[in-house]
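This report refers to the structure that appears directly beneath it.
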Amino acid sequence: MGALNAVSKRLVCVVNDTFVNADTVKELLLEISKRHRSIPVTVILDNARYQRCHVVQDYAGALGIELLFLPSYSPNLNLIERLWKFIRRQCLYSEYYSSFASFRCAITGCLDELETKHKDELKSLLTLRFQTFDNLKMSA
């Protein structure tokens, strides 16, 4: 699970080998809080149950983190979803890994190269310029 700073493009990740739940989200929020103690933080999330639950919302409040939930079915508005799509394209498409360890190593290796090898590619992908649909005329 990860969070991407929209301005600096720095990634904060928490990794486990099982599944994501409210505890994983809390762990991520704590890591974000540690890195940004002196400034207000807003974390943009999708509507996964484990992110919207009161346990996570209360924990975020205690850390001084504002949670902002995106509308349903709008992954294009979430920068981290764009990053995960990029990682999948780099590491998973047409690739076979003989073990979970080699699979995990490929992903962490790609994440480690975000600010070096993949920096130019990610510059246009992780932009804050979103397409809007103001004054859109729909035909019947």
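Identifiers in the structure tokens: chain A, B, ... in order shown; residue index from 1 per chain; ligand index from 1 in order shown.
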### alpha helix (DSSP H) per DSSP on the backbone: members of chain A, as a ChimeraX atom specification
/A:22-35,49-52,54-63,79-91,100-112,119-125
### Task
Could you give me the residues within chain A that DSSP places in strand (DSSP E), as a list in words?
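Going through chain A, the strand (DSSP E) residues come out as Gly2, Ala3, Leu4, Leu11, Val12, Cys13, Val41, Thr42, Val43, Ile44, Leu45, Ile65, Glu66, Leu67, Leu68 and Phe69 of chain A.
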### Query
Excluding same-chain residues fewer than 4 positions from Lys26 (chain A), what lies within 9 Å of it counting only C-alpha atoms, as a list in words?
Asn21, Ala22, Leu30, Glu31, Gln51, Val55, Val56, Tyr59 and Ala60 of chain A
#### Entry: Using only C-alpha atoms: which of A:Cys13, A:Val41, A:Leu126, A:Ile32 has the shortest distance to Leu111 (chain A)
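When distances to Leu111 (chain A) are compared using only C-alpha atoms, the smallest one comes from A:Cys13.
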### Message
So that I can check the surroundings of Gly2 (chain A), please list as a PyMOL selection string every protein, DNA and RNA residue that reaches within 8 Å of it, counting only C-alpha atoms and ignoring chain neighbours fewer than 6 positions away.
### Response
chain A and resi 11-14+28+80
### Query
So how far away is CA of Ile44 (chain A) from CA of Leu63 (chain A), in Å?
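About the pair CA of Leu63 (chain A) and CA of Ile44 (chain A): they are 15.3 Å apart.
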### Message
I'd like the neighbourhood of Asp46 (chain A) as a list in words, where a residue qualifies if any of its atoms comes within 8 Å (using only C-alpha atoms), though same-chain residues fewer than 3 positions away should be ignored.
### Response
Gln51, Phe69, Leu70, Pro71, Ser72, Pro75 and Asn78 of chain A
For the residues in the current selection, export N, CA and C atoms as a PDB file, in the first residue's frame.
ATOM      1  N   GLN A  51     -10.615   1.424   4.159  1.00  0.00           N
ATOM      2  CA  GLN A  51     -10.138   2.803   4.246  1.00  0.00           C
ATOM      3  C   GLN A  51     -11.193   3.733   4.843  1.00  0.00           C
ATOM      4  N   PHE A  69     -12.124  11.394   0.387  1.00  0.00           N
ATOM      5  CA  PHE A  69     -12.510  10.225  -0.403  1.00  0.00           C
ATOM      6  C   PHE A  69     -12.969  10.636  -1.786  1.00  0.00           C
ATOM      7  N   LEU A  70     -12.427   9.961  -2.786  1.00  0.00           N
ATOM      8  CA  LEU A  70     -12.793  10.227  -4.173  1.00  0.00           C
ATOM      9  C   LEU A  70     -14.151   9.633  -4.489  1.00  0.00           C
ATOM     10  N   PRO A  71     -14.802  10.144  -5.521  1.00  0.00           N
ATOM     11  CA  PRO A  71     -16.051   9.511  -5.960  1.00  0.00           C
ATOM     12  C   PRO A  71     -15.778   8.073  -6.407  1.00  0.00           C
ATOM     13  N   SER A  72     -16.787   7.242  -6.303  1.00  0.00           N
ATOM     14  CA  SER A  72     -16.645   5.852  -6.748  1.00  0.00           C
ATOM     15  C   SER A  72     -16.282   5.792  -8.221  1.00  0.00           C
ATOM     16  N   PRO A  75     -10.611   5.964 -10.506  1.00  0.00           N
ATOM     17  CA  PRO A  75      -9.197   5.732 -10.225  1.00  0.00           C
ATOM     18  C   PRO A  75      -8.277   6.691 -10.986  1.00  0.00           C
ATOM     19  N   ASN A  78      -6.823   9.437  -8.892  1.00  0.00           N
ATOM     20  CA  ASN A  78      -5.942   9.065  -7.789  1.00  0.00           C
ATOM     21  C   ASN A  78      -4.544   8.793  -8.347  1.00  0.00           C
TER      22      ASN A  78
END
### Message
Give me the residues near Arg104 (chain A) as a ChimeraX atom specification, where near means some atom within 12 Å (using only C-alpha atoms) and where sequence neighbours in that chain fewer than 4 positions away do not count.
### Response
/A:15-17,87-88,91-92,97-100,108-111
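Between CA of Lys9 (chain A) and CA of Leu67 (chain A) the interatomic distance comes to 18.7 Å.
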### Message
Set the distance at 12 Å and use only C-alpha atoms: which residues neighbour Arg10 (chain A) once local chain neighbours fewer than 6 positions away are removed? I'd like the list as a list of chain:residue names.
### Response
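Counting only the stated atoms, we get A:Gly2, A:Ala3, A:Leu4, A:Ile32, A:Arg35, A:His36, A:Leu79, A:Ile80, A:Leu83, A:Leu111, A:Asp112, A:Glu113, A:Leu114, A:Glu115, A:Thr116, A:Lys119, A:Leu122, A:Leu126.
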### Query
What is the distance between CA of Pro40 (chain A) and CA of Asn76 (chain A), in Å to one decimal?
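Calculated distance between CA of Pro40 (chain A) and CA of Asn76 (chain A) is 24.2 Å.
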